[in-house]
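> Shown below is the structure under consideration.
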Amino acid sequence: MEKRPSDGTGPIHVPFGHVVASEKWRGSQLAQGMQGKIKLIFEDCLTPADFYLSNRSCVLYITEADLVAGNGYRKRLVRVRNSSHLQGIVVVEKTPISEQYFPAVQKFTVLDLGMVLLPVASQMEASCLIIQLAQEQTKEPSMNPFLRKTRSLHTEPSLLRTVQQIPGVGKVKAPLLLQKFPSIQQLSNASTHDLEQVVGQALAQQIRQFFTQSR
């Protein structure tokens, strides 16, 4: 294991094809949903991230309870955002209970910090999403669009629901977007011009605003 900065934001070693998870997730529904589909390694004192997809890419998971409890989760997000070593993806439980708190976390994460936020309805849905993100990390060197599209089909229900949560997209536009951009990474990196070809100018700008980092 590499020596990491005292704030825990340095790169860590993630074996190829594995996800390194915080020990606190052992036995959870989220971890159970991932086991058997990807290799999990649990580690103590894994902060501030919850899951490492690669040496420099991590997932910060905000639960329904975190949102209801207040703004304590914000410190973790800021630490990752300010790190030169990590690229963080924020996954948030958007449930009937936490929905009223979602606009605030969305504004703070996307507009204030410029990070990617992906809403999920449950930990089982999140497990599918994290697996898909991890697979993208390990297979990113392959630029074969057919392989990428085939791989996305394995988690299409979860991915489809996630894209539907983007403001203005909905059930009709989401499948069209995934045909053109079959992964979250590709969709978040798409230019306004590319998005316009699929959904038109107004919605393209809305999607870019959702994903774009604040300058």
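Here, A, B, ... name the chains of the structure tokens in the order displayed, residue numbers run from 1 inside each chain, and ligands are numbered from 1 in the same displayed order.
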As a ChimeraX atom specification, please: the residues near region 83-99 of chain A (cut-off 10 Å, only C-alpha atoms, same-chain neighbours under 6 positions excluded).
/A:4-5,7-12,49-68,77,105-106,109-110,115-123,125-126,129-130,133,165
> What does the distance between CA of Gly170 (chain A) and CA of Phe108 (chain A) come to in Å, to one decimal place?
22.7 Å
> Please report, as number ranges by chain, each residue of chain A to which DSSP assigns strand (DSSP E or B) when run on this structure's backbone.
A: 18-22, 35, 38-43, 51-52, 57-62, 87-93, 116-120
> Take the residues from that selection and put them in a file with N, CA and C atoms, as a short mmCIF file (atom, residue, chain, number, x, y, z; two decimals), in the first residue's frame.

```cif
data_model
loop_
_atom_site.label_atom_id
_atom_site.label_comp_id
_atom_site.auth_asym_id
_atom_site.auth_seq_id
_atom_site.Cartn_x
_atom_site.Cartn_y
_atom_site.Cartn_z
N HIS A 18 -10.74 -5.23 -9.24
CA HIS A 18 -11.24 -5.20 -7.86
C HIS A 18 -11.84 -3.83 -7.54
N VAL A 19 -12.59 -3.80 -6.44
CA VAL A 19 -13.03 -2.55 -5.82
C VAL A 19 -12.61 -2.61 -4.36
N VAL A 20 -11.95 -1.57 -3.88
CA VAL A 20 -11.58 -1.49 -2.47
C VAL A 20 -12.68 -0.73 -1.73
N ALA A 21 -13.25 -1.36 -0.71
CA ALA A 21 -14.40 -0.79 0.00
C ALA A 21 -14.06 -0.52 1.45
N SER A 22 -14.68 0.48 2.01
CA SER A 22 -14.53 0.76 3.44
C SER A 22 -15.12 -0.38 4.25
N GLN A 35 -21.01 -8.49 -4.46
CA GLN A 35 -20.24 -9.72 -4.33
C GLN A 35 -20.70 -10.76 -5.35
N ILE A 38 -18.11 -8.65 -8.79
CA ILE A 38 -16.81 -7.99 -8.83
C ILE A 38 -16.11 -8.32 -7.52
N LYS A 39 -14.79 -8.32 -7.52
CA LYS A 39 -14.03 -8.71 -6.33
C LYS A 39 -13.89 -7.50 -5.40
N LEU A 40 -14.34 -7.71 -4.15
CA LEU A 40 -14.30 -6.64 -3.15
C LEU A 40 -13.17 -6.89 -2.15
N ILE A 41 -12.46 -5.83 -1.81
CA ILE A 41 -11.46 -5.87 -0.75
C ILE A 41 -11.88 -4.84 0.29
N PHE A 42 -12.06 -5.28 1.55
CA PHE A 42 -12.47 -4.35 2.61
C PHE A 42 -11.24 -3.86 3.38
N GLU A 43 -11.23 -2.56 3.68
CA GLU A 43 -10.12 -1.98 4.43
C GLU A 43 -10.65 -1.07 5.53
N PHE A 51 -15.66 3.82 -1.62
CA PHE A 51 -15.21 2.79 -2.56
C PHE A 51 -14.15 3.38 -3.49
N TYR A 52 -13.09 2.61 -3.73
CA TYR A 52 -12.09 3.00 -4.71
C TYR A 52 -12.23 2.09 -5.92
N SER A 57 -9.61 6.95 -8.66
CA SER A 57 -11.04 7.19 -8.86
C SER A 57 -11.82 6.56 -7.71
N CYS A 58 -12.71 7.32 -7.11
CA CYS A 58 -13.42 6.82 -5.94
C CYS A 58 -14.90 7.22 -5.97
N VAL A 59 -15.67 6.53 -5.14
CA VAL A 59 -17.10 6.82 -4.98
C VAL A 59 -17.34 7.25 -3.54
N LEU A 60 -18.01 8.37 -3.39
CA LEU A 60 -18.48 8.81 -2.07
C LEU A 60 -19.98 8.54 -2.02
N TYR A 61 -20.40 7.72 -1.07
CA TYR A 61 -21.80 7.30 -1.01
C TYR A 61 -22.50 8.04 0.12
N ILE A 62 -23.58 8.74 -0.23
CA ILE A 62 -24.36 9.49 0.77
C ILE A 62 -25.69 8.77 0.95
N GLN A 87 -10.23 11.59 -8.10
CA GLN A 87 -11.42 12.04 -8.84
C GLN A 87 -12.61 11.33 -8.22
N GLY A 88 -13.52 12.11 -7.65
CA GLY A 88 -14.63 11.52 -6.91
C GLY A 88 -15.95 11.57 -7.66
N ILE A 89 -16.72 10.50 -7.53
CA ILE A 89 -18.09 10.44 -8.04
C ILE A 89 -19.00 10.30 -6.83
N VAL A 90 -20.00 11.14 -6.74
CA VAL A 90 -20.89 11.15 -5.59
C VAL A 90 -22.18 10.40 -5.94
N VAL A 91 -22.49 9.37 -5.15
CA VAL A 91 -23.72 8.60 -5.34
C VAL A 91 -24.62 8.88 -4.14
N VAL A 92 -25.86 9.28 -4.42
CA VAL A 92 -26.77 9.73 -3.37
C VAL A 92 -28.07 8.93 -3.40
N GLU A 93 -28.50 8.49 -2.22
CA GLU A 93 -29.79 7.79 -2.12
C GLU A 93 -30.92 8.82 -2.19
N VAL A 116 -19.43 15.09 -10.15
CA VAL A 116 -20.51 14.32 -10.76
C VAL A 116 -21.37 13.70 -9.66
N LEU A 117 -22.68 13.88 -9.75
CA LEU A 117 -23.62 13.30 -8.78
C LEU A 117 -24.56 12.35 -9.50
N LEU A 118 -24.72 11.15 -8.95
CA LEU A 118 -25.60 10.15 -9.53
C LEU A 118 -26.60 9.68 -8.47
N PRO A 119 -27.90 9.91 -8.68
CA PRO A 119 -28.90 9.48 -7.70
C PRO A 119 -29.28 8.01 -7.90
N VAL A 120 -29.54 7.33 -6.79
CA VAL A 120 -30.02 5.95 -6.84
C VAL A 120 -31.19 5.82 -5.88
#
```
> If we count only C-alpha atoms and set the cut-off at 9 Å, which residues sit around region 199-207 of chain A, ignoring sequence neighbours fewer than 2 positions away in its own chain? Please answer as a PyMOL selection string.
chain A and resi 166-169+173+176-177+187-188+191-197+209-212
> For the selection just defined, write its residues with N, CA and C atoms to a file, as a PDB file, in the first residue's frame.

```pdb
ATOM      1  N   ILE A 166     -31.725  12.771 -14.468  1.00  0.00           N
ATOM      2  CA  ILE A 166     -31.171  14.058 -14.887  1.00  0.00           C
ATOM      3  C   ILE A 166     -32.338  14.977 -15.277  1.00  0.00           C
ATOM      4  N   PRO A 167     -32.387  16.184 -14.730  1.00  0.00           N
ATOM      5  CA  PRO A 167     -33.520  17.084 -14.997  1.00  0.00           C
ATOM      6  C   PRO A 167     -33.798  17.254 -16.483  1.00  0.00           C
ATOM      7  N   GLY A 168     -35.061  17.033 -16.877  1.00  0.00           N
ATOM      8  CA  GLY A 168     -35.481  17.242 -18.246  1.00  0.00           C
ATOM      9  C   GLY A 168     -35.350  16.033 -19.155  1.00  0.00           C
ATOM     10  N   VAL A 169     -34.677  14.973 -18.689  1.00  0.00           N
ATOM     11  CA  VAL A 169     -34.429  13.824 -19.567  1.00  0.00           C
ATOM     12  C   VAL A 169     -35.632  12.887 -19.624  1.00  0.00           C
ATOM     13  N   LYS A 173     -36.171  10.299 -23.404  1.00  0.00           N
ATOM     14  CA  LYS A 173     -34.861  10.736 -23.877  1.00  0.00           C
ATOM     15  C   LYS A 173     -33.719   9.872 -23.347  1.00  0.00           C
ATOM     16  N   LEU A 176     -32.400   7.157 -25.691  1.00  0.00           N
ATOM     17  CA  LEU A 176     -31.742   7.769 -26.848  1.00  0.00           C
ATOM     18  C   LEU A 176     -30.324   8.221 -26.491  1.00  0.00           C
ATOM     19  N   LEU A 177     -30.183   8.787 -25.302  1.00  0.00           N
ATOM     20  CA  LEU A 177     -28.863   9.225 -24.858  1.00  0.00           C
ATOM     21  C   LEU A 177     -27.927   8.042 -24.669  1.00  0.00           C
ATOM     22  N   LEU A 187     -21.305  10.069 -21.166  1.00  0.00           N
ATOM     23  CA  LEU A 187     -22.377  11.068 -21.132  1.00  0.00           C
ATOM     24  C   LEU A 187     -21.908  12.336 -20.428  1.00  0.00           C
ATOM     25  N   SER A 188     -21.200  12.181 -19.307  1.00  0.00           N
ATOM     26  CA  SER A 188     -20.757  13.359 -18.555  1.00  0.00           C
ATOM     27  C   SER A 188     -19.678  14.138 -19.301  1.00  0.00           C
ATOM     28  N   SER A 191     -19.894  16.786 -25.303  1.00  0.00           N
ATOM     29  CA  SER A 191     -20.005  18.231 -25.532  1.00  0.00           C
ATOM     30  C   SER A 191     -21.464  18.604 -25.791  1.00  0.00           C
ATOM     31  N   THR A 192     -21.750  19.870 -25.647  1.00  0.00           N
ATOM     32  CA  THR A 192     -23.105  20.352 -25.919  1.00  0.00           C
ATOM     33  C   THR A 192     -23.499  20.054 -27.364  1.00  0.00           C
ATOM     34  N   HIS A 193     -22.551  20.211 -28.281  1.00  0.00           N
ATOM     35  CA  HIS A 193     -22.822  19.942 -29.695  1.00  0.00           C
ATOM     36  C   HIS A 193     -23.221  18.485 -29.907  1.00  0.00           C
ATOM     37  N   ASP A 194     -22.488  17.561 -29.280  1.00  0.00           N
ATOM     38  CA  ASP A 194     -22.804  16.138 -29.422  1.00  0.00           C
ATOM     39  C   ASP A 194     -24.172  15.813 -28.829  1.00  0.00           C
ATOM     40  N   LEU A 195     -24.464  16.429 -27.688  1.00  0.00           N
ATOM     41  CA  LEU A 195     -25.754  16.184 -27.039  1.00  0.00           C
ATOM     42  C   LEU A 195     -26.911  16.739 -27.870  1.00  0.00           C
ATOM     43  N   GLU A 196     -26.674  17.858 -28.528  1.00  0.00           N
ATOM     44  CA  GLU A 196     -27.720  18.482 -29.351  1.00  0.00           C
ATOM     45  C   GLU A 196     -28.199  17.555 -30.462  1.00  0.00           C
ATOM     46  N   GLN A 197     -27.302  16.733 -30.977  1.00  0.00           N
ATOM     47  CA  GLN A 197     -27.662  15.817 -32.051  1.00  0.00           C
ATOM     48  C   GLN A 197     -28.712  14.801 -31.599  1.00  0.00           C
ATOM     49  N   GLN A 209     -25.051  21.449 -18.008  1.00  0.00           N
ATOM     50  CA  GLN A 209     -25.040  22.176 -16.739  1.00  0.00           C
ATOM     51  C   GLN A 209     -25.065  21.201 -15.572  1.00  0.00           C
ATOM     52  N   PHE A 210     -25.779  20.096 -15.742  1.00  0.00           N
ATOM     53  CA  PHE A 210     -25.872  19.092 -14.688  1.00  0.00           C
ATOM     54  C   PHE A 210     -24.509  18.473 -14.399  1.00  0.00           C
ATOM     55  N   PHE A 211     -23.731  18.219 -15.459  1.00  0.00           N
ATOM     56  CA  PHE A 211     -22.462  17.526 -15.304  1.00  0.00           C
ATOM     57  C   PHE A 211     -21.241  18.436 -15.220  1.00  0.00           C
ATOM     58  N   THR A 212     -21.339  19.654 -15.766  1.00  0.00           N
ATOM     59  CA  THR A 212     -20.140  20.478 -15.918  1.00  0.00           C
ATOM     60  C   THR A 212     -19.579  20.932 -14.583  1.00  0.00           C
TER      61      THR A 212
END
```
> Can you list every residue in region 7-214 of chain A that DSSP puts in helix (DSSP H, G or I), as a PyMOL selection string?
chain A and resi 23-25+29-34+64-69+74-81+99-112+123-139+145-153+156-164+170-180+184-189+192-199+201-211
> CA of Val163 (chain A) and CA of Pro175 (chain A) are how many Å apart?
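Result for CA of Val163 (chain A) versus CA of Pro175 (chain A): 8.6 Å, one decimal.
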